[in-house]
file data27.txt (compact mmCIF, C-alpha atoms)
# COMPACT_ATOMS: atom_id res chain seq x y z
CA MET A 157 103.99 115.40 125.39
CA SER A 158 105.41 115.77 128.84
CA MET A 159 102.98 114.48 131.46
CA LEU A 160 105.13 115.43 134.41
CA GLU A 161 107.89 117.95 134.57
CA LEU A 162 110.07 119.00 137.48
CA ARG A 163 112.09 122.13 136.89
CA GLN A 164 114.93 122.86 139.26
CA VAL A 165 112.95 121.52 142.20
CA SER A 166 114.51 121.87 145.63
CA LYS A 167 113.12 120.92 149.01
CA VAL A 168 114.69 122.07 152.24
CA PHE A 169 113.58 120.75 155.61
CA GLY A 170 114.50 122.44 158.88
CA GLN A 171 116.27 125.72 159.42
CA GLY A 172 119.71 127.11 160.07
CA ALA A 173 122.33 124.54 160.96
CA ALA A 174 119.75 121.76 161.00
CA GLN A 175 118.82 122.38 157.37
CA VAL A 176 118.54 119.33 155.16
CA HIS A 177 118.40 119.59 151.39
CA ALA A 178 116.15 116.66 150.58
CA LEU A 179 116.07 117.66 146.93
CA ASP A 180 118.58 119.89 145.22
CA ARG A 181 117.63 121.41 141.84
CA VAL A 182 116.07 118.29 140.40
CA THR A 183 114.98 118.52 136.79
CA LEU A 184 113.05 115.63 135.32
CA SER A 185 110.56 115.14 132.53
CA VAL A 186 108.32 112.12 132.01
CA ASP A 187 106.47 111.75 128.72
CA GLU A 188 103.10 110.16 128.10
CA GLY A 189 103.55 106.41 127.76
CA ALA A 190 106.88 106.42 129.59
CA MET A 191 107.80 104.57 132.75
CA VAL A 192 110.65 106.06 134.75
CA ALA A 193 112.22 104.38 137.76
CA VAL A 194 113.98 106.38 140.45
CA MET A 195 116.75 104.60 142.33
CA GLY A 196 119.01 105.75 145.08
CA PRO A 197 120.17 104.93 148.60
CA SER A 198 117.83 105.66 151.48
CA GLY A 199 117.83 109.34 152.29
CA SER A 200 118.64 110.29 148.70
CA GLY A 201 115.30 112.07 148.27
CA LYS A 202 113.34 109.45 146.31
CA SER A 203 110.14 109.63 148.32
CA THR A 204 110.26 113.41 148.62
CA LEU A 205 110.51 113.63 144.85
CA LEU A 206 107.39 111.51 144.55
CA THR A 207 105.28 113.43 147.06
CA ILE A 208 106.24 116.73 145.44
CA ALA A 209 105.48 115.38 141.95
CA GLY A 210 102.09 114.26 143.26
CA SER A 211 101.28 117.70 144.74
CA LEU A 212 101.14 116.17 148.22
CA GLU A 213 103.95 118.47 149.27
CA GLU A 214 105.24 121.79 147.92
CA PRO A 215 108.77 122.40 146.72
CA THR A 216 110.83 125.08 148.49
CA THR A 217 111.90 126.40 145.11
CA GLY A 218 111.36 125.28 141.53
CA GLU A 219 108.29 124.31 139.60
CA VAL A 220 106.24 121.17 139.03
CA LEU A 221 104.08 120.93 135.91
CA VAL A 222 101.48 118.27 135.29
CA ARG A 223 100.38 118.15 131.64
CA GLY A 224 102.09 121.48 131.17
CA ALA A 225 100.14 123.18 133.97
CA PRO A 226 102.26 124.59 136.81
CA LEU A 227 101.04 123.42 140.23
CA SER A 228 102.09 126.69 141.84
CA ARG A 229 99.37 128.54 139.92
CA MET A 230 96.63 126.14 140.91
CA SER A 231 94.16 126.81 143.69
CA ARG A 232 93.76 124.32 146.48
CA ASN A 233 90.61 123.01 144.80
CA GLU A 234 92.28 122.61 141.45
CA LYS A 235 95.07 120.63 143.03
CA ALA A 236 92.60 118.42 144.85
CA ARG A 237 90.81 117.75 141.56
CA LEU A 238 94.13 116.91 139.91
CA ARG A 239 94.85 114.38 142.66
CA ARG A 240 91.40 112.83 142.33
CA ARG A 241 91.27 112.68 138.53
CA THR A 242 94.68 112.66 137.00
CA ILE A 243 97.14 111.17 139.47
CA GLY A 244 97.12 107.63 140.85
CA TYR A 245 99.23 106.74 143.88
CA VAL A 246 100.58 103.34 144.90
CA PHE A 247 102.43 102.81 148.15
CA GLN A 248 104.33 99.90 149.61
CA ASP A 249 101.68 99.18 152.22
CA TYR A 250 98.77 99.22 149.72
CA ASN A 251 96.68 101.77 151.68
CA LEU A 252 93.40 100.03 150.89
CA LEU A 253 90.46 100.87 153.11
CA PRO A 254 89.73 97.78 155.20
CA GLY A 255 85.96 98.27 155.42
CA LEU A 256 85.50 98.33 151.63
CA THR A 257 85.62 95.48 149.11
CA ALA A 258 88.22 95.42 146.34
CA ALA A 259 85.65 96.82 143.88
CA GLU A 260 84.61 99.56 146.30
CA ASN A 261 88.22 100.52 146.94
CA VAL A 262 88.89 100.82 143.23
CA SER A 263 85.79 102.87 142.42
CA LEU A 264 86.17 105.12 145.45
CA PRO A 265 88.25 107.85 143.75
CA LEU A 266 85.64 108.11 140.98
CA GLU A 267 82.81 108.38 143.49
CA LEU A 268 84.70 111.02 145.45
CA ASP A 269 85.01 112.88 142.18
CA GLY A 270 81.22 112.96 141.83
CA LEU A 271 80.61 110.08 139.44
CA PRO A 272 77.27 108.29 140.13
CA SER A 273 78.09 105.18 142.11
CA ARG A 274 76.74 102.76 139.49
CA LYS A 275 79.06 104.20 136.84
CA ALA A 276 81.96 104.29 139.27
CA ARG A 277 81.39 100.65 140.15
CA ALA A 278 81.24 99.60 136.50
CA ALA A 279 84.53 101.39 135.79
CA GLY A 280 86.11 99.79 138.88
CA LEU A 281 85.01 96.30 137.88
CA ALA A 282 86.31 96.81 134.35
CA VAL A 283 89.80 97.62 135.63
CA LEU A 284 89.77 94.69 138.06
CA GLU A 285 88.88 92.40 135.19
CA GLU A 286 91.72 93.79 133.10
CA LEU A 287 94.12 92.99 135.91
CA GLY A 288 92.72 89.49 136.31
CA LEU A 289 91.06 90.22 139.64
CA ASP A 290 87.38 90.02 138.69
CA GLU A 291 86.85 87.00 140.94
CA ARG A 292 88.23 88.94 143.87
CA ALA A 293 86.04 92.02 143.39
CA GLU A 294 83.76 91.35 146.39
CA ARG A 295 86.54 90.37 148.79
CA TYR A 296 87.77 92.62 151.58
CA PRO A 297 91.47 93.54 151.71
CA ASP A 298 92.19 91.16 154.61
CA GLU A 299 90.82 88.30 152.49
CA LEU A 300 93.36 89.00 149.74
CA SER A 301 97.00 87.95 149.45
CA GLY A 302 99.71 90.62 149.43
CA GLY A 303 100.11 90.35 145.67
CA GLU A 304 96.37 90.70 145.13
CA ARG A 305 96.16 93.69 147.43
CA GLN A 306 98.87 95.49 145.53
CA ARG A 307 97.16 94.71 142.22
CA VAL A 308 93.95 96.19 143.63
CA ALA A 309 95.94 99.27 144.67
CA ILE A 310 97.23 99.55 141.10
CA ALA A 311 93.71 99.15 139.74
CA ARG A 312 92.67 102.06 141.96
CA ALA A 313 95.62 104.10 140.69
CA VAL A 314 94.75 103.64 137.01
CA VAL A 315 90.93 103.70 137.17
CA GLY A 316 89.07 106.38 135.21
CA GLU A 317 90.99 109.01 133.31
CA ARG A 318 94.11 108.91 135.41
CA ARG A 319 97.23 109.77 133.40
CA LEU A 320 100.05 109.84 135.91
CA LEU A 321 100.95 106.95 138.19
CA LEU A 322 103.27 107.57 141.13
CA ALA A 323 104.48 104.52 143.01
CA ASP A 324 106.72 104.31 146.07
CA GLU A 325 108.34 100.88 146.48
CA PRO A 326 105.17 99.29 145.11
CA SER A 327 106.49 95.76 145.40
CA GLY A 328 108.58 96.19 148.51
CA ALA A 329 106.77 93.59 150.56
CA LEU A 330 106.09 91.10 147.76
CA ASP A 331 107.89 87.93 146.65
CA SER A 332 109.69 88.04 143.32
CA GLY A 333 106.83 86.56 141.28
CA ASN A 334 104.26 89.03 142.59
CA ALA A 335 106.73 91.90 142.40
CA GLU A 336 107.30 91.12 138.74
CA ALA A 337 103.54 90.98 138.10
CA VAL A 338 103.15 94.43 139.65
CA MET A 339 105.92 95.93 137.52
CA ARG A 340 104.50 94.29 134.41
CA LEU A 341 101.13 95.94 135.11
CA VAL A 342 102.69 99.36 135.58
CA HIS A 343 104.68 98.93 132.38
CA GLU A 344 101.58 97.87 130.44
CA ALA A 345 99.58 100.81 131.80
CA CYS A 346 102.24 103.05 130.26
CA ARG A 347 102.88 101.23 127.01
CA ASN A 348 99.28 100.35 126.17
CA GLY A 349 97.31 102.79 128.28
CA GLY A 350 99.41 105.86 127.53
CA MET A 351 99.96 106.65 131.21
CA ALA A 352 103.16 108.10 132.55
CA ALA A 353 104.65 106.46 135.63
CA VAL A 354 107.32 107.28 138.16
CA VAL A 355 108.31 104.30 140.28
CA VAL A 356 110.62 104.67 143.24
CA THR A 357 112.51 101.50 144.07
CA HIS A 358 115.83 100.36 145.48
CA ASP A 359 115.61 97.10 143.55
CA ALA A 360 117.50 97.00 140.24
CA GLN A 361 115.50 94.06 138.90
CA LEU A 362 112.27 95.99 139.34
CA ALA A 363 113.76 99.22 138.06
CA SER A 364 114.80 97.39 134.90
CA TRP A 365 111.14 97.28 133.84
CA ALA A 366 111.31 101.05 133.32
CA ASP A 367 112.18 102.74 130.05
CA ARG A 368 114.56 105.02 131.89
CA VAL A 369 116.21 104.78 135.30
CA VAL A 370 117.17 107.95 137.16
CA PHE A 371 119.72 107.70 139.98
CA LEU A 372 119.37 110.10 142.90
CA ARG A 373 122.18 110.87 145.27
CA ASP A 374 122.05 113.40 148.10
CA GLY A 375 118.94 114.96 146.60
CA ARG A 376 120.41 115.38 143.14
CA VAL A 377 119.99 113.54 139.89
CA ALA A 378 123.41 111.94 139.78
CA ASP A 379 122.98 109.89 136.64
CA GLN A 380 120.50 108.13 134.39
CA THR A 381 120.46 105.22 131.99
CA ALA A 382 120.89 105.74 128.29
CA PRO A 383 118.01 104.57 126.09
CA ALA A 384 118.31 100.79 126.23
CA ALA A 385 119.72 99.00 123.22
CA GLY A 386 117.41 96.45 121.68
CA PRO A 387 117.38 93.04 123.32
CA GLU A 388 118.54 91.47 120.04
CA SER A 389 122.14 92.22 120.87
CA LEU A 390 121.96 89.73 123.74
CA LEU A 391 120.50 86.88 121.75
CA THR A 392 122.11 84.33 119.53
CA ARG A 393 120.34 85.41 116.39
CA GLY A 394 121.67 88.90 116.79
CA ARG A 395 125.27 87.75 116.99
CA SER A 396 127.46 87.12 114.04
CA GLN A 397 128.49 83.51 114.05
CA MET B 124 127.80 75.64 130.87
CA SER B 125 128.86 72.12 130.08
CA VAL B 126 128.18 71.59 126.38
CA ARG B 127 129.17 67.97 126.85
CA HIS B 128 126.40 67.25 129.30
CA ALA B 129 123.86 69.38 127.51
CA LEU B 130 124.42 67.23 124.41
CA LEU B 131 124.10 64.05 126.45
CA ALA B 132 120.80 65.37 127.81
CA LEU B 133 119.49 66.01 124.29
CA LEU B 134 120.61 62.57 123.14
CA SER B 135 118.82 60.90 126.03
CA GLU B 136 115.61 61.70 124.14
CA GLY B 137 116.71 59.62 121.15
CA PRO B 138 119.28 59.53 118.31
CA LYS B 139 120.08 62.92 116.75
CA TYR B 140 122.28 64.54 114.09
CA GLY B 141 124.92 67.14 114.84
CA LEU B 142 123.12 70.10 113.28
CA GLN B 143 119.92 69.10 114.99
CA LEU B 144 121.74 69.04 118.34
CA ARG B 145 123.00 72.57 117.82
CA GLU B 146 119.54 73.88 116.95
CA GLU B 147 117.91 72.17 119.89
CA PHE B 148 120.62 73.33 122.29
CA GLU B 149 120.06 76.94 121.32
CA ALA B 150 116.27 76.63 121.45
CA ARG B 151 116.37 75.03 124.91
CA THR B 152 118.63 77.67 126.38
CA GLY B 153 116.35 80.40 125.10
CA GLU B 154 119.03 81.31 122.55
CA VAL B 155 120.94 82.92 125.35
CA TRP B 156 124.07 80.83 124.78
CA PRO B 157 125.27 80.59 121.22
CA LEU B 158 127.02 77.42 120.10
CA ASN B 159 128.96 76.95 116.89
CA VAL B 160 128.66 73.80 114.93
CA GLY B 161 132.38 73.00 115.12
CA GLN B 162 132.05 72.89 118.90
CA VAL B 163 129.21 70.40 118.57
CA TYR B 164 131.21 68.00 116.40
CA THR B 165 134.37 68.23 118.50
CA THR B 166 132.35 67.51 121.62
CA LEU B 167 130.60 64.57 119.96
CA GLN B 168 133.94 63.08 118.91
CA ARG B 169 135.21 63.27 122.47
CA LEU B 170 132.01 61.77 123.85
CA GLU B 171 132.36 58.90 121.37
CA ARG B 172 136.01 58.40 122.30
CA ASP B 173 134.99 58.18 125.98
CA GLY B 174 132.27 55.65 125.19
CA LEU B 175 129.44 57.94 126.27
CA VAL B 176 127.82 58.08 122.82
CA GLU B 177 127.85 55.87 119.72
CA SER B 178 127.36 56.89 116.12
CA GLU B 179 125.58 55.24 113.26
CA GLY B 180 125.08 55.99 109.58
CA ALA B 181 127.48 57.60 107.12
CA ASP B 182 131.15 57.93 108.00
CA GLU B 183 131.41 61.63 108.83
CA GLY B 184 129.42 64.86 108.64
CA PRO B 185 125.76 65.73 108.82
CA GLN B 186 124.45 62.26 107.92
CA LYS B 187 125.87 60.71 111.04
CA ALA B 188 123.41 60.13 113.91
CA TYR B 189 124.48 59.85 117.55
CA LEU B 190 123.03 57.73 120.37
CA ILE B 191 123.67 57.89 124.08
CA THR B 192 125.21 54.78 125.69
CA GLU B 193 124.44 53.32 129.09
CA SER B 194 127.56 54.85 130.61
CA GLY B 195 126.58 58.12 128.93
CA ALA B 196 123.24 58.07 130.76
CA ALA B 197 125.01 57.26 134.05
CA GLU B 198 127.47 60.12 133.49
CA LEU B 199 124.58 62.52 132.86
CA ALA B 200 122.71 61.49 136.01
CA ASP B 201 125.89 61.89 138.04
CA TRP B 202 126.63 65.34 136.59
CA LEU B 203 123.14 66.64 137.34
CA ARG B 204 123.59 65.91 141.02
CA THR B 205 127.15 67.14 141.42
CA PRO B 206 127.25 70.78 142.53
CA PRO B 207 129.62 72.91 140.44
CA ASP B 208 132.68 74.14 142.31
CA LEU B 209 131.75 77.52 143.76
CA SER B 210 134.13 77.36 146.70
CA ALA B 211 136.92 79.52 145.29
CA PRO B 212 135.84 83.11 144.68
CA PRO B 213 136.35 84.05 141.05
CA ARG B 214 138.84 86.83 140.41
CA ASP B 215 136.22 89.40 139.64
CA GLU B 216 137.35 92.32 137.51
CA LEU B 217 134.68 94.64 138.88
CA VAL B 218 135.71 93.91 142.48
CA MET B 219 139.31 94.67 141.57
CA LYS B 220 138.35 97.97 139.97
CA VAL B 221 136.42 99.13 143.01
CA LEU B 222 139.20 98.08 145.39
CA VAL B 223 141.69 100.04 143.30
CA ALA B 224 139.39 103.08 143.04
CA ILE B 225 139.11 103.31 146.83
CA ARG B 226 142.83 103.94 147.20
CA LEU B 227 143.61 105.81 144.02
CA PRO B 228 144.32 109.52 144.59
CA GLY B 229 142.13 111.89 142.60
CA THR B 230 139.50 109.24 141.97
CA ASP B 231 135.89 109.67 143.05
CA VAL B 232 135.05 106.10 144.02
CA TYR B 233 131.32 106.87 144.01
CA GLU B 234 131.55 107.93 140.40
CA VAL B 235 133.35 104.70 139.57
CA ILE B 236 130.65 102.72 141.38
CA GLN B 237 127.88 104.61 139.59
CA SER B 238 129.30 104.03 136.13
CA HIS B 239 129.27 100.27 136.80
CA ARG B 240 125.82 100.43 138.34
CA ARG B 241 124.43 102.27 135.31
CA TYR B 242 125.90 99.68 132.99
CA LEU B 243 124.41 96.82 135.03
CA VAL B 244 120.95 98.39 135.12
CA GLN B 245 121.05 99.03 131.37
CA LEU B 246 121.91 95.40 130.75
CA MET B 247 119.12 94.34 133.08
CA GLN B 248 116.70 96.54 131.14
CA GLN B 249 117.66 94.67 127.98
CA TRP B 250 117.09 91.29 129.62
CA THR B 251 113.78 92.45 131.04
CA ARG B 252 112.64 93.49 127.54
CA ILE B 253 113.40 89.95 126.40
CA LYS B 254 111.35 88.53 129.26
CA GLU B 255 108.55 90.96 128.53
CA GLY B 256 108.47 90.22 124.80
CA GLY B 257 108.91 86.48 125.28
CA ASP B 258 106.17 83.95 124.94
CA GLU B 259 104.79 83.19 128.43
CA GLY B 260 104.98 79.48 127.66
CA ASP B 261 108.68 79.63 126.82
CA LEU B 262 109.88 78.37 130.16
CA ASN B 263 113.50 77.87 129.10
CA LEU B 264 113.82 81.47 127.99
CA ALA B 265 112.20 82.80 131.17
CA LEU B 266 114.47 80.71 133.40
CA ALA B 267 117.63 81.60 131.52
CA VAL B 268 116.76 85.30 131.58
CA ASP B 269 115.92 85.13 135.30
CA ALA B 270 119.31 83.56 135.98
CA GLU B 271 121.04 86.40 134.15
CA LEU B 272 118.92 89.03 135.93
CA PHE B 273 119.68 87.58 139.36
CA ARG B 274 123.38 87.39 138.56
CA LEU B 275 123.55 91.04 137.43
CA ASP B 276 121.33 92.06 140.34
CA SER B 277 123.70 90.49 142.85
CA VAL B 278 126.52 92.62 141.44
CA ALA B 279 124.35 95.76 141.59
CA ARG B 280 123.50 94.96 145.20
CA TRP B 281 127.13 94.46 146.02
CA LEU B 282 127.79 97.97 144.64
CA ASP B 283 125.01 99.31 146.90
CA ALA B 284 126.63 97.58 149.85
CA VAL B 285 130.03 99.07 148.97
CA ASP B 286 128.43 102.48 148.76
CA ALA B 287 126.78 102.12 152.17
CA ARG B 288 129.90 100.65 153.80
CA LEU B 289 132.11 103.47 152.50
CA LYS B 290 129.67 106.04 153.83
CA ARG B 291 129.72 104.43 157.26
CA ALA B 292 133.49 104.15 157.19
CA THR B 293 133.74 107.83 156.24
CA ALA B 294 131.46 108.80 159.13
CA ASP B 295 133.54 106.69 161.53
CA GLY B 296 136.77 108.17 160.23
CA HIS B 297 138.10 104.92 158.79
CA PHE B 298 137.95 106.11 155.23
CA GLN B 299 138.79 109.37 153.53
CA PRO B 300 137.19 109.65 150.11
CA ALA B 301 139.86 110.74 147.67
CA LYS B 302 138.60 113.62 145.60
CA GLY B 303 139.94 116.60 143.74
CA PRO B 304 142.47 116.66 140.93
CA LEU B 305 145.07 113.99 140.49
CA PRO B 306 148.45 114.78 141.96
CA LYS B 307 150.86 115.91 139.31
CA GLN B 308 152.10 112.98 137.31
CA ARG B 309 155.78 112.58 137.37
CA ARG B 310 157.00 112.76 133.84
CA ARG B 311 159.06 109.88 132.73
CA ILE B 312 162.41 111.23 131.79
CA GLY B 313 164.46 109.46 129.21
CA VAL B 314 166.93 107.11 130.83
CA ARG B 315 170.43 107.83 129.94
CA GLY B 316 172.75 104.98 129.43

call {"tool": "encode", "arguments": {"input": "data27.txt", "output": "structure tokens"}}
result
Amino acid sequence: MSMLELRQVSKVFGQGAAQVHALDRVTLSVDEGAMVAVMGPSGSGKSTLLTIAGSLEEPTTGEVLVRGAPLSRMSRNEKARLRRRTIGYVFQDYNLLPGLTAAENVSLPLELDGLPSRKARAAGLAVLEELGLDERAERYPDELSGGERQRVAIARAVVGERRLLLADEPSGALDSGNAEAVMRLVHEACRNGGMAAVVVTHDAQLASWADRVVFLRDGRVADQTAPAAGPESLLTRGRSQ
Amino acid sequence: MSVRHALLALLSEGPKYGLQLREEFEARTGEVWPLNVGQVYTTLQRLERDGLVESEGADEGPQKAYLITESGAAELADWLRTPPDLSAPPRDELVMKVLVAIRLPGTDVYEVIQSHRRYLVQLMQQWTRIKEGGDEGDLNLALAVDAELFRLDSVARWLDAVDARLKRATADGHFQPAKGPLPKQRRRIGVRG
């Protein structure tokens, strides 16, 4: 089933001669369990695509559907609930709240959604443990390394019943080892947790964790990868001797 | 990849048979580089001729074991520390294609760039699946796959740089992207004698 669908989505900023088509009739579908990477030069519309998919911004024309439900028919409250319950966001600069511990940051969206704080905390701790961060649960963001902060941000994005993960350059500021760990987590959340993810990145190594890579150019989907052949073809045992 | 020195490295652990060397070579390189058994025996013969290994046991074939000699060990140590020659740029086919595409009438160079980029990313996806499925303790596999990923990534980044440079050059008026249909091909007319 399609978790996220963009149908002919366009976004125009400015008016008249100063008009900029940030997105131009973008159509994209991401199934449950799938991780899609979006690549493209800066200014190609990657981040706009993500904010529109996450209902943080409205398209000028076209339709966005989350789990088959069109955002345009949702009330403001319904959209807010969708953002609290279904969608998890990860940004390059982590966006953790500095006055809260790792565990409090992770359980915050559940508490905001009305879950009793004890239950929210238990759910938050469970995710942190899954991501190997249980020993860091009581630390504040400025006591964590960059890699740990981003893993906490991912924990917050997958906690509870979230089904759609939207990430904008999630490993932009990390070294290659930590960046790989972050992509591995996102990929596992999709493969094992049944989430759908859209990850915007300019880095081909990170994009290669995705099941499908979509290339944006001047606001349009210019190209995408074919379903990857099995890795066997690259290995000795797969070759005829 | 120097098969010669890889075999010397394996023999520095103790005497080994030819088939064993092939198996171990492939296991240590994460099965990324295949090696046929004929190559192993030819290399061993040359190493023996050069006095870098000695053989013992039956005359020829699988029963023959090989040992590294003292000069073999010295050769190996020397090779490890000698940087490979990277000074001359390789004649890269992809670079040639892009350089040609820039000047070729009727060719959308960005489309050419994208078709190569897509291919690179697809290959990288395959390598990443290997890394993902691999045993975390298999260090050789992880390192060999990383090397391949970084190599492909550097090509992908070069394509990004070409893309950006062409855009700047277009804005500055130094470059006119060639688009539209190809000019009419001149038909080759039969040469009369």

call {"tool": "closest_residue", "arguments": {"input": "data27.txt", "among": "B:Gln168, B:Gln249, B:Thr152, B:Thr230", "to": "chain A", "atoms": "only C-alpha atoms"}}
result
B:Gln249

call {"tool": "interface_residues", "arguments": {"input": "data27.txt", "of": "chain B", "to": "chain A", "cutoff": "8 Å", "atoms": "all atoms listed in the file", "output": "ChimeraX atom specification"}}
result
/B:149,154-157,159,237,241-242,244-253,255,272-273,276,279,283

call {"tool": "atom_distance", "arguments": {"input": "data27.txt", "atom1": "CA of Val285 (chain B)", "atom2": "CA of Val221 (chain B)"}}
result
8.7 Å

call {"tool": "residues_near_point", "arguments": {"input": "data27.txt", "point": "(97.6, 87.9, 144.2)", "cutoff": "12 Å", "atoms": "only C-alpha atoms", "output": "PyMOL selection string"}}
result
chain A and resi 287-292+297+299-309+327+330-331+333-338

call {"tool": "atom_distance", "arguments": {"input": "data27.txt", "atom1": "CA of Arg214 (chain B)", "atom2": "CA of His239 (chain B)"}}
result
16.9 Å

call {"tool": "closest_residue", "arguments": {"input": "data27.txt", "among": "A:Ile208, A:Leu221, A:Val314, A:Val186", "to": "Arg163 (chain A)", "atoms": "all atoms listed in the file"}}
result
A:Leu221

call {"tool": "atom_distance", "arguments": {"input": "data27.txt", "atom1": "CA of Ser332 (chain A)", "atom2": "CA of Ala267 (chain B)"}}
result
15.6 Å

call {"tool": "closest_residue", "arguments": {"input": "data27.txt", "among": "A:Thr216, A:Ala323, A:Val342, A:Ala193", "to": "Val168 (chain A)", "atoms": "all atoms listed in the file"}}
result
A:Thr216

call {"tool": "residues_around", "arguments": {"input": "data27.txt", "residues": "region 203-205 of chain A", "least_positions_apart": "5", "cutoff": "8 Å", "atoms": "only C-alpha atoms", "output": "PyMOL selection string"}}
result
chain A and resi 178-179+324+356

call {"tool": "residues_around", "arguments": {"input": "data27.txt", "residues": "Glu177 (chain B)", "least_positions_apart": "2", "cutoff": "12 Å", "atoms": "only C-alpha atoms", "output": "ChimeraX atom specification"}}
result
/B:131,134,137-140,167-175,179-180,187-195
